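Enquirer: This structure is in structure tokens; I'll ask about it shortly.
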Amino acid sequence: MNKKEFREKVRKLREKELVRDALLLKDRKPEESLNTMFDLCRFAEKINRMKK
């Protein structure tokens with residue numbers, strides 16, 4: 001698999017995940033959606049620190 005194919009595959013996967021996450025939050029209160037967003041941000045920060 002070359003770089004272009006790999007990047008396209010990753011882009012499609014991310015897009016599916018964003019749609020899935022949006023659907024999971026659809027019927028939630030704004031506070032719950034905000035808490036979920038902050039949880040995801042904290043998780044991303046932890047991953048970023050681990051890479052360094």
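To be explicit about the labels: the chains of the structure tokens are called A, B, and onward in the order shown, and within each one the residues are counted from 1, while ligands get numbers from 1 in the order they are shown.
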From chain A, collect each residue whose DSSP state is helix (DSSP H, G or I) and return the set as a count of residues only.
Expert: 44
Enquirer: Residues within 12 Å of Asp21 in chain A, please, as a PyMOL selection string. Count only C-alpha atoms; anything in the same chain fewer than 6 positions from it doesn't count.
Expert: chain A and resi 14-15+27-28+33+36-37+40
Enquirer: Go ahead and write the residues just picked, C-alpha atoms, as a PDB file, in the first residue's frame.
Expert:
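The resulting again02.pdb:
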ATOM      1  CA  ARG A  14     -11.571   9.194  10.720  1.00  0.00           C
ATOM      2  CA  GLU A  15     -14.649  10.433   8.901  1.00  0.00           C
ATOM      3  CA  ASP A  27     -29.661  12.944  22.121  1.00  0.00           C
ATOM      4  CA  ARG A  28     -27.426  14.113  24.958  1.00  0.00           C
ATOM      5  CA  SER A  33     -21.542  16.598  25.030  1.00  0.00           C
ATOM      6  CA  THR A  36     -17.284  14.056  26.349  1.00  0.00           C
ATOM      7  CA  MET A  37     -15.379  16.572  24.242  1.00  0.00           C
ATOM      8  CA  LEU A  40     -11.449  13.265  24.240  1.00  0.00           C
TER       9      LEU A  40
END
